[in-house]
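Visitor: This one is query-v2.cif, mmCIF, N, CA and C atoms.
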data_start
#
loop_
_atom_site.label_atom_id
_atom_site.label_comp_id
_atom_site.auth_asym_id
_atom_site.auth_seq_id
_atom_site.Cartn_x
_atom_site.Cartn_y
_atom_site.Cartn_z
N MET A 1 -11.59 -14.80 15.10
CA MET A 1 -11.00 -15.50 16.22
C MET A 1 -9.66 -14.86 16.51
N ARG A 2 -9.38 -14.58 17.74
CA ARG A 2 -8.12 -13.98 18.16
C ARG A 2 -7.16 -15.09 18.56
N HIS A 3 -5.91 -15.00 18.11
CA HIS A 3 -4.89 -15.96 18.46
C HIS A 3 -3.94 -15.34 19.47
N VAL A 4 -3.62 -16.07 20.51
CA VAL A 4 -2.71 -15.60 21.54
C VAL A 4 -1.47 -16.47 21.50
N LEU A 5 -0.31 -15.83 21.38
CA LEU A 5 0.95 -16.56 21.37
C LEU A 5 1.57 -16.54 22.75
N THR A 6 2.04 -17.67 23.18
CA THR A 6 2.72 -17.75 24.45
C THR A 6 4.17 -17.32 24.26
N THR A 7 4.87 -17.09 25.34
CA THR A 7 6.28 -16.72 25.27
C THR A 7 7.08 -17.80 24.57
N ALA A 8 6.77 -19.06 24.84
CA ALA A 8 7.49 -20.17 24.20
C ALA A 8 7.23 -20.17 22.70
N ALA A 9 5.99 -19.92 22.29
CA ALA A 9 5.67 -19.88 20.86
C ALA A 9 6.38 -18.72 20.18
N LEU A 10 6.44 -17.57 20.85
CA LEU A 10 7.15 -16.42 20.28
C LEU A 10 8.64 -16.73 20.14
N ALA A 11 9.23 -17.38 21.12
CA ALA A 11 10.65 -17.73 21.06
C ALA A 11 10.91 -18.71 19.92
N ALA A 12 10.02 -19.69 19.74
CA ALA A 12 10.17 -20.66 18.65
C ALA A 12 10.04 -19.97 17.30
N THR A 13 9.10 -19.04 17.18
CA THR A 13 8.92 -18.29 15.94
C THR A 13 10.14 -17.44 15.64
N ALA A 14 10.70 -16.79 16.65
CA ALA A 14 11.89 -15.96 16.46
C ALA A 14 13.08 -16.82 16.05
N ALA A 15 13.22 -18.00 16.65
CA ALA A 15 14.32 -18.90 16.30
C ALA A 15 14.19 -19.37 14.86
N THR A 16 12.98 -19.70 14.45
CA THR A 16 12.75 -20.13 13.07
C THR A 16 13.04 -18.99 12.10
N ALA A 17 12.60 -17.80 12.43
CA ALA A 17 12.82 -16.63 11.57
C ALA A 17 14.30 -16.32 11.43
N ALA A 18 15.08 -16.55 12.48
CA ALA A 18 16.51 -16.28 12.43
C ALA A 18 17.23 -17.27 11.53
N VAL A 19 16.76 -18.52 11.48
CA VAL A 19 17.41 -19.55 10.68
C VAL A 19 16.93 -19.53 9.24
N LEU A 20 15.70 -19.17 9.00
CA LEU A 20 15.10 -19.22 7.67
C LEU A 20 15.88 -18.47 6.61
N PRO A 21 16.30 -17.20 6.79
CA PRO A 21 17.02 -16.51 5.73
C PRO A 21 18.30 -17.21 5.30
N ALA A 22 18.99 -17.85 6.23
CA ALA A 22 20.23 -18.55 5.88
C ALA A 22 19.94 -19.79 5.03
N ALA A 23 18.75 -20.35 5.17
CA ALA A 23 18.41 -21.57 4.44
C ALA A 23 17.86 -21.29 3.05
N LEU A 24 17.47 -20.07 2.78
CA LEU A 24 16.89 -19.71 1.50
C LEU A 24 17.90 -19.01 0.61
N PRO A 25 17.75 -19.12 -0.72
CA PRO A 25 18.60 -18.34 -1.60
C PRO A 25 18.36 -16.85 -1.35
N ALA A 26 19.32 -16.01 -1.66
CA ALA A 26 19.23 -14.58 -1.39
C ALA A 26 18.00 -13.95 -2.02
N THR A 27 17.60 -14.38 -3.20
CA THR A 27 16.44 -13.78 -3.85
C THR A 27 15.15 -14.12 -3.12
N ALA A 28 15.05 -15.28 -2.51
CA ALA A 28 13.83 -15.66 -1.80
C ALA A 28 13.70 -14.92 -0.48
N ALA A 29 14.82 -14.56 0.16
CA ALA A 29 14.79 -13.89 1.45
C ALA A 29 14.56 -12.40 1.31
N ALA A 30 14.74 -11.84 0.13
CA ALA A 30 14.59 -10.41 -0.07
C ALA A 30 13.12 -10.00 0.05
N PRO A 31 12.86 -8.79 0.56
CA PRO A 31 11.47 -8.34 0.65
C PRO A 31 10.86 -8.17 -0.73
N ALA A 32 9.56 -8.33 -0.81
CA ALA A 32 8.87 -8.22 -2.11
C ALA A 32 8.94 -6.79 -2.62
N ARG A 33 9.41 -6.63 -3.81
CA ARG A 33 9.49 -5.34 -4.50
C ARG A 33 9.10 -5.59 -5.95
N PRO A 34 8.70 -4.57 -6.65
CA PRO A 34 8.42 -4.75 -8.07
C PRO A 34 9.65 -5.23 -8.80
N ALA A 35 9.46 -6.09 -9.79
CA ALA A 35 10.59 -6.60 -10.58
C ALA A 35 11.24 -5.46 -11.35
N ALA A 36 12.53 -5.59 -11.61
CA ALA A 36 13.27 -4.56 -12.32
C ALA A 36 12.59 -4.26 -13.65
N GLY A 37 12.39 -2.98 -13.91
CA GLY A 37 11.80 -2.56 -15.16
C GLY A 37 10.28 -2.65 -15.22
N THR A 38 9.62 -3.17 -14.17
CA THR A 38 8.17 -3.32 -14.22
C THR A 38 7.44 -2.38 -13.28
N GLY A 39 8.14 -1.67 -12.45
CA GLY A 39 7.46 -0.79 -11.52
C GLY A 39 8.42 0.19 -10.90
N PRO A 40 7.95 0.93 -9.92
CA PRO A 40 8.78 1.96 -9.31
C PRO A 40 9.83 1.38 -8.38
N SER A 41 10.87 2.13 -8.18
CA SER A 41 11.83 1.76 -7.14
C SER A 41 11.32 2.36 -5.84
N ALA A 42 11.87 1.96 -4.73
CA ALA A 42 11.43 2.48 -3.44
C ALA A 42 11.57 4.00 -3.38
N GLY A 43 12.49 4.58 -4.12
CA GLY A 43 12.69 6.02 -4.13
C GLY A 43 11.57 6.78 -4.80
N GLN A 44 10.75 6.11 -5.61
CA GLN A 44 9.66 6.80 -6.30
C GLN A 44 8.42 6.95 -5.43
N CYS A 45 8.39 6.27 -4.31
CA CYS A 45 7.34 6.45 -3.31
C CYS A 45 7.99 6.18 -1.96
N SER A 46 8.31 7.22 -1.27
CA SER A 46 9.08 7.11 -0.03
C SER A 46 8.23 6.61 1.12
N ALA A 47 8.89 6.09 2.13
CA ALA A 47 8.21 5.64 3.34
C ALA A 47 7.38 6.79 3.89
N GLY A 48 6.18 6.48 4.33
CA GLY A 48 5.29 7.49 4.89
C GLY A 48 4.39 8.15 3.86
N GLU A 49 4.47 7.73 2.61
CA GLU A 49 3.69 8.36 1.55
C GLU A 49 2.66 7.42 0.95
N LEU A 50 1.58 8.00 0.46
CA LEU A 50 0.64 7.32 -0.42
C LEU A 50 0.86 7.96 -1.79
N CYS A 51 1.25 7.15 -2.76
CA CYS A 51 1.53 7.64 -4.10
C CYS A 51 0.48 7.09 -5.06
N LEU A 52 -0.07 7.96 -5.88
CA LEU A 52 -1.07 7.59 -6.88
C LEU A 52 -0.56 8.02 -8.25
N TRP A 53 -0.58 7.09 -9.21
CA TRP A 53 -0.15 7.39 -10.57
C TRP A 53 -1.36 7.43 -11.48
N GLU A 54 -1.30 8.28 -12.46
CA GLU A 54 -2.39 8.48 -13.41
C GLU A 54 -2.73 7.21 -14.20
N ARG A 55 -1.71 6.46 -14.59
CA ARG A 55 -1.93 5.27 -15.41
C ARG A 55 -1.47 4.00 -14.69
N ALA A 56 -1.87 2.88 -15.24
CA ALA A 56 -1.42 1.58 -14.73
C ALA A 56 0.09 1.46 -14.88
N GLU A 57 0.66 0.54 -14.12
CA GLU A 57 2.11 0.27 -14.15
C GLU A 57 2.93 1.50 -13.77
N TYR A 58 2.37 2.36 -12.90
CA TYR A 58 3.07 3.52 -12.34
C TYR A 58 3.45 4.53 -13.42
N GLY A 59 2.58 4.67 -14.40
CA GLY A 59 2.83 5.59 -15.50
C GLY A 59 2.08 6.90 -15.34
N GLY A 60 2.53 7.89 -16.07
CA GLY A 60 1.88 9.20 -16.05
C GLY A 60 2.29 10.00 -14.83
N SER A 61 1.51 11.05 -14.57
CA SER A 61 1.84 11.92 -13.44
C SER A 61 1.55 11.21 -12.12
N ARG A 62 2.28 11.60 -11.09
CA ARG A 62 2.16 11.00 -9.76
C ARG A 62 1.74 12.07 -8.77
N SER A 63 0.82 11.73 -7.88
CA SER A 63 0.49 12.61 -6.76
C SER A 63 0.90 11.91 -5.47
N VAL A 64 1.39 12.69 -4.52
CA VAL A 64 1.90 12.14 -3.26
C VAL A 64 1.12 12.76 -2.11
N HIS A 65 0.72 11.91 -1.17
CA HIS A 65 -0.03 12.36 0.01
C HIS A 65 0.67 11.81 1.25
N GLU A 66 0.81 12.66 2.27
CA GLU A 66 1.42 12.26 3.53
C GLU A 66 0.43 12.48 4.67
N LEU A 67 0.67 11.80 5.79
CA LEU A 67 -0.22 11.94 6.94
C LEU A 67 -0.25 13.38 7.45
N SER A 68 0.85 14.09 7.33
CA SER A 68 0.91 15.45 7.86
C SER A 68 -0.05 16.40 7.14
N GLY A 69 -0.45 16.07 5.92
CA GLY A 69 -1.34 16.93 5.18
C GLY A 69 -2.68 16.29 4.87
N THR A 70 -3.01 15.20 5.54
CA THR A 70 -4.24 14.46 5.24
C THR A 70 -4.99 14.16 6.53
N ASP A 71 -6.27 14.48 6.58
CA ASP A 71 -7.08 14.15 7.75
C ASP A 71 -7.36 12.66 7.78
N ILE A 72 -7.05 12.03 8.92
CA ILE A 72 -7.27 10.61 9.09
C ILE A 72 -8.78 10.33 9.06
N GLU A 73 -9.15 9.26 8.37
CA GLU A 73 -10.52 8.78 8.26
C GLU A 73 -11.46 9.78 7.58
N SER A 74 -10.90 10.69 6.79
CA SER A 74 -11.71 11.63 6.01
C SER A 74 -11.57 11.29 4.54
N CYS A 75 -12.64 11.52 3.79
CA CYS A 75 -12.62 11.27 2.35
C CYS A 75 -11.78 12.35 1.67
N VAL A 76 -10.78 11.92 0.93
CA VAL A 76 -9.94 12.85 0.17
C VAL A 76 -10.18 12.57 -1.31
N ALA A 77 -10.87 13.50 -1.96
CA ALA A 77 -11.15 13.36 -3.39
C ALA A 77 -9.97 13.89 -4.18
N LEU A 78 -9.66 13.21 -5.28
CA LEU A 78 -8.64 13.72 -6.19
C LEU A 78 -9.23 14.94 -6.90
N PRO A 79 -8.38 15.81 -7.44
CA PRO A 79 -8.91 16.99 -8.14
C PRO A 79 -9.92 16.60 -9.22
N ALA A 80 -10.86 17.48 -9.51
CA ALA A 80 -11.91 17.21 -10.50
C ALA A 80 -11.28 16.75 -11.82
N GLY A 81 -11.80 15.66 -12.35
CA GLY A 81 -11.31 15.10 -13.60
C GLY A 81 -10.09 14.20 -13.47
N ALA A 82 -9.47 14.18 -12.30
CA ALA A 82 -8.28 13.34 -12.08
C ALA A 82 -8.69 11.97 -11.56
N SER A 83 -7.88 10.97 -11.87
CA SER A 83 -8.06 9.63 -11.33
C SER A 83 -6.72 8.92 -11.39
N ALA A 84 -6.64 7.78 -10.71
CA ALA A 84 -5.38 7.02 -10.66
C ALA A 84 -5.61 5.60 -11.14
N GLY A 85 -4.60 5.04 -11.81
CA GLY A 85 -4.65 3.67 -12.31
C GLY A 85 -3.73 2.73 -11.58
N SER A 86 -2.82 3.28 -10.73
CA SER A 86 -1.92 2.45 -9.92
C SER A 86 -1.55 3.24 -8.67
N LEU A 87 -1.08 2.52 -7.65
CA LEU A 87 -0.77 3.19 -6.38
C LEU A 87 0.24 2.41 -5.57
N ALA A 88 0.82 3.09 -4.60
CA ALA A 88 1.69 2.47 -3.60
C ALA A 88 1.31 3.06 -2.25
N ASN A 89 1.05 2.20 -1.27
CA ASN A 89 0.73 2.65 0.09
C ASN A 89 1.91 2.36 0.99
N ARG A 90 2.66 3.40 1.32
CA ARG A 90 3.81 3.25 2.21
C ARG A 90 3.60 4.07 3.48
N THR A 91 2.31 4.33 3.83
CA THR A 91 2.00 5.18 4.98
C THR A 91 2.15 4.49 6.32
N GLY A 92 2.08 3.17 6.34
CA GLY A 92 2.07 2.47 7.63
C GLY A 92 0.67 2.33 8.19
N ARG A 93 -0.32 2.81 7.46
CA ARG A 93 -1.72 2.70 7.86
C ARG A 93 -2.54 2.15 6.69
N PRO A 94 -3.65 1.49 6.99
CA PRO A 94 -4.50 1.02 5.89
C PRO A 94 -5.07 2.20 5.11
N VAL A 95 -5.21 2.01 3.80
CA VAL A 95 -5.80 3.02 2.92
C VAL A 95 -6.89 2.35 2.09
N THR A 96 -8.06 2.99 2.05
CA THR A 96 -9.14 2.52 1.18
C THR A 96 -9.20 3.45 -0.01
N THR A 97 -9.21 2.87 -1.21
CA THR A 97 -9.38 3.65 -2.43
C THR A 97 -10.80 3.44 -2.95
N TYR A 98 -11.34 4.46 -3.58
CA TYR A 98 -12.73 4.44 -4.03
C TYR A 98 -12.84 4.81 -5.51
N GLN A 99 -13.73 4.16 -6.18
CA GLN A 99 -14.07 4.52 -7.55
C GLN A 99 -14.86 5.84 -7.54
N SER A 100 -15.63 6.04 -6.51
CA SER A 100 -16.45 7.24 -6.34
C SER A 100 -15.61 8.39 -5.79
N ALA A 101 -15.81 9.59 -6.30
CA ALA A 101 -15.10 10.76 -5.80
C ALA A 101 -15.62 11.19 -4.42
N GLU A 102 -16.73 10.61 -3.98
CA GLU A 102 -17.30 10.93 -2.67
C GLU A 102 -17.07 9.82 -1.65
N CYS A 103 -16.19 8.86 -1.97
CA CYS A 103 -15.94 7.70 -1.10
C CYS A 103 -17.20 6.88 -0.89
N GLY A 104 -18.06 6.86 -1.90
CA GLY A 104 -19.29 6.09 -1.83
C GLY A 104 -19.01 4.61 -1.96
N GLU A 105 -19.70 3.83 -1.16
CA GLU A 105 -19.51 2.38 -1.18
C GLU A 105 -20.46 1.69 -2.15
N THR A 106 -21.17 2.46 -2.96
CA THR A 106 -22.01 1.86 -3.99
C THR A 106 -21.17 1.52 -5.22
N GLY A 107 -20.03 2.18 -5.38
CA GLY A 107 -19.08 1.84 -6.44
C GLY A 107 -18.03 0.88 -5.89
N GLU A 108 -17.00 0.65 -6.67
CA GLU A 108 -15.90 -0.24 -6.24
C GLU A 108 -15.06 0.46 -5.16
N PHE A 109 -14.53 -0.34 -4.23
CA PHE A 109 -13.57 0.17 -3.25
C PHE A 109 -12.78 -1.01 -2.71
N ASP A 110 -11.52 -0.73 -2.32
CA ASP A 110 -10.63 -1.75 -1.75
C ASP A 110 -9.78 -1.10 -0.67
N THR A 111 -9.42 -1.89 0.34
CA THR A 111 -8.54 -1.41 1.39
C THR A 111 -7.21 -2.14 1.29
N TYR A 112 -6.12 -1.36 1.32
CA TYR A 112 -4.77 -1.90 1.18
C TYR A 112 -3.99 -1.68 2.47
N PRO A 113 -3.30 -2.71 2.96
CA PRO A 113 -2.52 -2.55 4.19
C PRO A 113 -1.37 -1.57 3.99
N GLY A 114 -0.95 -0.97 5.07
CA GLY A 114 0.13 0.02 5.01
C GLY A 114 1.50 -0.62 5.07
N GLY A 115 2.51 0.20 4.87
CA GLY A 115 3.89 -0.23 5.02
C GLY A 115 4.59 -0.62 3.74
N GLY A 116 3.89 -0.93 2.69
CA GLY A 116 4.57 -1.33 1.46
C GLY A 116 3.69 -2.11 0.51
N THR A 117 2.51 -1.62 0.23
CA THR A 117 1.61 -2.28 -0.71
C THR A 117 1.72 -1.59 -2.06
N TRP A 118 2.09 -2.34 -3.09
CA TRP A 118 2.23 -1.80 -4.45
C TRP A 118 1.12 -2.39 -5.31
N VAL A 119 0.38 -1.56 -6.00
CA VAL A 119 -0.74 -1.99 -6.84
C VAL A 119 -0.49 -1.45 -8.25
N PRO A 120 0.12 -2.27 -9.12
CA PRO A 120 0.46 -1.77 -10.46
C PRO A 120 -0.76 -1.54 -11.35
N ARG A 121 -1.87 -2.22 -11.07
CA ARG A 121 -3.10 -2.04 -11.87
C ARG A 121 -4.30 -2.06 -10.94
N SER A 122 -4.83 -0.90 -10.65
CA SER A 122 -6.04 -0.85 -9.84
C SER A 122 -7.17 -1.49 -10.64
N PRO A 123 -8.08 -2.21 -9.98
CA PRO A 123 -9.19 -2.83 -10.71
C PRO A 123 -10.24 -1.81 -11.18
N TYR A 124 -10.08 -0.54 -10.84
CA TYR A 124 -10.99 0.54 -11.24
C TYR A 124 -10.22 1.85 -11.16
N ARG A 125 -10.78 2.91 -11.74
CA ARG A 125 -10.18 4.24 -11.66
C ARG A 125 -10.38 4.76 -10.23
N VAL A 126 -9.30 5.09 -9.55
CA VAL A 126 -9.36 5.61 -8.19
C VAL A 126 -9.63 7.12 -8.27
N ARG A 127 -10.68 7.56 -7.57
CA ARG A 127 -11.05 8.98 -7.58
C ARG A 127 -11.01 9.60 -6.19
N ALA A 128 -10.87 8.76 -5.15
CA ALA A 128 -10.81 9.26 -3.78
C ALA A 128 -10.20 8.18 -2.90
N PHE A 129 -9.79 8.58 -1.68
CA PHE A 129 -9.21 7.62 -0.74
C PHE A 129 -9.45 8.09 0.70
N LYS A 130 -9.28 7.15 1.63
CA LYS A 130 -9.28 7.42 3.07
C LYS A 130 -8.09 6.71 3.68
N ILE A 131 -7.38 7.40 4.56
CA ILE A 131 -6.32 6.79 5.36
C ILE A 131 -6.91 6.54 6.74
N TRP A 132 -6.77 5.32 7.23
CA TRP A 132 -7.40 4.90 8.48
C TRP A 132 -6.41 4.86 9.63
N GLU A 133 -6.95 4.91 10.85
CA GLU A 133 -6.15 4.63 12.05
C GLU A 133 -5.76 3.15 11.99
N ASN A 134 -4.70 2.77 12.64
CA ASN A 134 -4.32 1.35 12.67
C ASN A 134 -5.29 0.53 13.44
#
Could you quickly redo this structure as structure tokens?

Guide:
Amino acid sequence: MRHVLTTAALAATAATAAVLPAALPATAAAPARPAAGTGPSAGQCSAGELCLWERAEYGGSRSVHELSGTDIESCVALPAGASAGSLANRTGRPVTTYQSAECGETGEFDTYPGGGTWVPRSPYRVRAFKIWEN
């Protein structure tokens, strides 16, 4: 179902959003980030990047993929024998990760929204991914 907001509804939402941060404690108004000591800082996966770590909790080696070097809506397999246990999607586009190195949907797969999705423990070993159009 598609929802349509009227100009009045948008104005009311904007007014509420402007007042809300002042009414909340500073920690509640802050954007969601990994807790200190439990995950990467924003500098470890920059805006516009898809970062994949070898182990859970952002451990081990990290591979970085950007839109400039990745075909949109194409299956990108990790190098043979490589897989990822955690990831961050900061591309601004949805990314689907696959258990299969061929992006097969017979194995596990999940799609993560763009802009700032942090996944400290993938539910399966990631062996391939696709970056989608918005």

Visitor: For the structure provided, state which residues fall under the PyMOL selection byres ((chain A and resi 134) around 6.5), and present them as a list in words.

Guide: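 Given this file, the PyMOL selection byres ((chain A and resi 134) around 6.5) evaluates to Arg93, Pro94, Trp132 and Glu133 of chain A.
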
Visitor: Can you spell out as an MDAnalysis selection string the set of residues that the PyMOL selection byres (((chain A and resi 127 and name CA) around 8) and name CA) selects in the structure I just provided?

Guide: chainID A and resid 77:78 82:84 97:101 125:126 128:129

Visitor: Ranking A:Glu102, A:Glu57, A:Glu66, A:Glu49 by minimum distance to Gly115 in chain A and counting only C-alpha atoms, which one comes first?

Guide: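 Smallest separation from Gly115 in chain A among the options: A:Glu49.
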
Visitor: Which distance in Å separates atom C of Glu73 in chain A and CA of Gly59 in chain A, to one decimal?

Guide: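 Those two atoms sit 27.5 Å apart.
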
Visitor: May I have the residues within 12 Å of Arg90 in chain A as a PDB file with N, CA and C atoms, in the frame of the given file, using only C-alpha atoms and disregarding those fewer than 2 positions away in the same chain?

Guide:
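Output below, filename result_7.pdb:
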ATOM      1  N   ALA A  42      11.870   1.960  -4.730  1.00  0.00           N
ATOM      2  CA  ALA A  42      11.430   2.480  -3.440  1.00  0.00           C
ATOM      3  C   ALA A  42      11.570   4.000  -3.380  1.00  0.00           C
ATOM      4  N   GLY A  43      12.490   4.580  -4.120  1.00  0.00           N
ATOM      5  CA  GLY A  43      12.690   6.020  -4.130  1.00  0.00           C
ATOM      6  C   GLY A  43      11.570   6.780  -4.800  1.00  0.00           C
ATOM      7  N   GLN A  44      10.750   6.110  -5.610  1.00  0.00           N
ATOM      8  CA  GLN A  44       9.660   6.800  -6.300  1.00  0.00           C
ATOM      9  C   GLN A  44       8.420   6.950  -5.430  1.00  0.00           C
ATOM     10  N   CYS A  45       8.390   6.270  -4.310  1.00  0.00           N
ATOM     11  CA  CYS A  45       7.340   6.450  -3.310  1.00  0.00           C
ATOM     12  C   CYS A  45       7.990   6.180  -1.960  1.00  0.00           C
ATOM     13  N   SER A  46       8.310   7.220  -1.270  1.00  0.00           N
ATOM     14  CA  SER A  46       9.080   7.110  -0.030  1.00  0.00           C
ATOM     15  C   SER A  46       8.230   6.610   1.120  1.00  0.00           C
ATOM     16  N   ALA A  47       8.890   6.090   2.130  1.00  0.00           N
ATOM     17  CA  ALA A  47       8.210   5.640   3.340  1.00  0.00           C
ATOM     18  C   ALA A  47       7.380   6.790   3.890  1.00  0.00           C
ATOM     19  N   GLY A  48       6.180   6.480   4.330  1.00  0.00           N
ATOM     20  CA  GLY A  48       5.290   7.490   4.890  1.00  0.00           C
ATOM     21  C   GLY A  48       4.390   8.150   3.860  1.00  0.00           C
ATOM     22  N   GLU A  49       4.470   7.730   2.610  1.00  0.00           N
ATOM     23  CA  GLU A  49       3.690   8.360   1.550  1.00  0.00           C
ATOM     24  C   GLU A  49       2.660   7.420   0.950  1.00  0.00           C
ATOM     25  N   LEU A  50       1.580   8.000   0.460  1.00  0.00           N
ATOM     26  CA  LEU A  50       0.640   7.320  -0.420  1.00  0.00           C
ATOM     27  C   LEU A  50       0.860   7.960  -1.790  1.00  0.00           C
ATOM     28  N   CYS A  51       1.250   7.150  -2.760  1.00  0.00           N
ATOM     29  CA  CYS A  51       1.530   7.640  -4.100  1.00  0.00           C
ATOM     30  C   CYS A  51       0.480   7.090  -5.060  1.00  0.00           C
ATOM     31  N   LEU A  52      -0.070   7.960  -5.880  1.00  0.00           N
ATOM     32  CA  LEU A  52      -1.070   7.590  -6.880  1.00  0.00           C
ATOM     33  C   LEU A  52      -0.560   8.020  -8.250  1.00  0.00           C
ATOM     34  N   VAL A  64       1.390  12.690  -4.520  1.00  0.00           N
ATOM     35  CA  VAL A  64       1.900  12.140  -3.260  1.00  0.00           C
ATOM     36  C   VAL A  64       1.120  12.760  -2.110  1.00  0.00           C
ATOM     37  N   HIS A  65       0.720  11.910  -1.170  1.00  0.00           N
ATOM     38  CA  HIS A  65      -0.030  12.360   0.010  1.00  0.00           C
ATOM     39  C   HIS A  65       0.670  11.810   1.250  1.00  0.00           C
ATOM     40  N   GLU A  66       0.810  12.660   2.270  1.00  0.00           N
ATOM     41  CA  GLU A  66       1.420  12.260   3.530  1.00  0.00           C
ATOM     42  C   GLU A  66       0.430  12.480   4.670  1.00  0.00           C
ATOM     43  N   LEU A  67       0.670  11.800   5.790  1.00  0.00           N
ATOM     44  CA  LEU A  67      -0.220  11.940   6.940  1.00  0.00           C
ATOM     45  C   LEU A  67      -0.250  13.380   7.450  1.00  0.00           C
ATOM     46  N   LEU A  87      -1.080   2.520  -7.650  1.00  0.00           N
ATOM     47  CA  LEU A  87      -0.770   3.190  -6.380  1.00  0.00           C
ATOM     48  C   LEU A  87       0.240   2.410  -5.570  1.00  0.00           C
ATOM     49  N   ALA A  88       0.820   3.090  -4.600  1.00  0.00           N
ATOM     50  CA  ALA A  88       1.690   2.470  -3.600  1.00  0.00           C
ATOM     51  C   ALA A  88       1.310   3.060  -2.250  1.00  0.00           C
ATOM     52  N   GLY A  92       2.080   3.170   6.340  1.00  0.00           N
ATOM     53  CA  GLY A  92       2.070   2.470   7.630  1.00  0.00           C
ATOM     54  C   GLY A  92       0.670   2.330   8.190  1.00  0.00           C
ATOM     55  N   ARG A  93      -0.320   2.810   7.460  1.00  0.00           N
ATOM     56  CA  ARG A  93      -1.720   2.700   7.860  1.00  0.00           C
ATOM     57  C   ARG A  93      -2.540   2.150   6.690  1.00  0.00           C
ATOM     58  N   PRO A  94      -3.650   1.490   6.990  1.00  0.00           N
ATOM     59  CA  PRO A  94      -4.500   1.020   5.890  1.00  0.00           C
ATOM     60  C   PRO A  94      -5.070   2.200   5.110  1.00  0.00           C
ATOM     61  N   VAL A  95      -5.210   2.010   3.800  1.00  0.00           N
ATOM     62  CA  VAL A  95      -5.800   3.020   2.920  1.00  0.00           C
ATOM     63  C   VAL A  95      -6.890   2.350   2.090  1.00  0.00           C
ATOM     64  N   TYR A 112      -6.120  -1.360   1.320  1.00  0.00           N
ATOM     65  CA  TYR A 112      -4.770  -1.900   1.180  1.00  0.00           C
ATOM     66  C   TYR A 112      -3.990  -1.680   2.470  1.00  0.00           C
ATOM     67  N   PRO A 113      -3.300  -2.710   2.960  1.00  0.00           N
ATOM     68  CA  PRO A 113      -2.520  -2.550   4.190  1.00  0.00           C
ATOM     69  C   PRO A 113      -1.370  -1.570   3.990  1.00  0.00           C
ATOM     70  N   GLY A 114      -0.950  -0.970   5.070  1.00  0.00           N
ATOM     71  CA  GLY A 114       0.130   0.020   5.010  1.00  0.00           C
ATOM     72  C   GLY A 114       1.500  -0.620   5.070  1.00  0.00           C
ATOM     73  N   GLY A 115       2.510   0.200   4.870  1.00  0.00           N
ATOM     74  CA  GLY A 115       3.890  -0.230   5.020  1.00  0.00           C
ATOM     75  C   GLY A 115       4.590  -0.620   3.740  1.00  0.00           C
ATOM     76  N   GLY A 116       3.890  -0.930   2.690  1.00  0.00           N
ATOM     77  CA  GLY A 116       4.570  -1.330   1.460  1.00  0.00           C
ATOM     78  C   GLY A 116       3.690  -2.110   0.510  1.00  0.00           C
ATOM     79  N   THR A 117       2.510  -1.620   0.230  1.00  0.00           N
ATOM     80  CA  THR A 117       1.610  -2.280  -0.710  1.00  0.00           C
ATOM     81  C   THR A 117       1.720  -1.590  -2.060  1.00  0.00           C
ATOM     82  N   TRP A 118       2.090  -2.340  -3.090  1.00  0.00           N
ATOM     83  CA  TRP A 118       2.230  -1.800  -4.450  1.00  0.00           C
ATOM     84  C   TRP A 118       1.120  -2.390  -5.310  1.00  0.00           C
ATOM     85  N   VAL A 119       0.380  -1.560  -6.000  1.00  0.00           N
ATOM     86  CA  VAL A 119      -0.740  -1.990  -6.840  1.00  0.00           C
ATOM     87  C   VAL A 119      -0.490  -1.450  -8.250  1.00  0.00           C
ATOM     88  N   ILE A 131      -7.380   7.400   4.560  1.00  0.00           N
ATOM     89  CA  ILE A 131      -6.320   6.790   5.360  1.00  0.00           C
ATOM     90  C   ILE A 131      -6.910   6.540   6.740  1.00  0.00           C
TER      91      ILE A 131
END

Visitor: Enter the distance from atom N of Arg62 in chain A to atom N of Gly104 in chain A, in Å, rounded to one decimal.

Guide: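 Taking atom N of Arg62 in chain A as the start and atom N of Gly104 in chain A as the end point, the length is 22.8 Å.
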
Visitor: Please, what distance in Å, to one decimal, runs between atom N of Gly81 in chain A and CA of Pro120 in chain A?

Guide: 21.4 Å
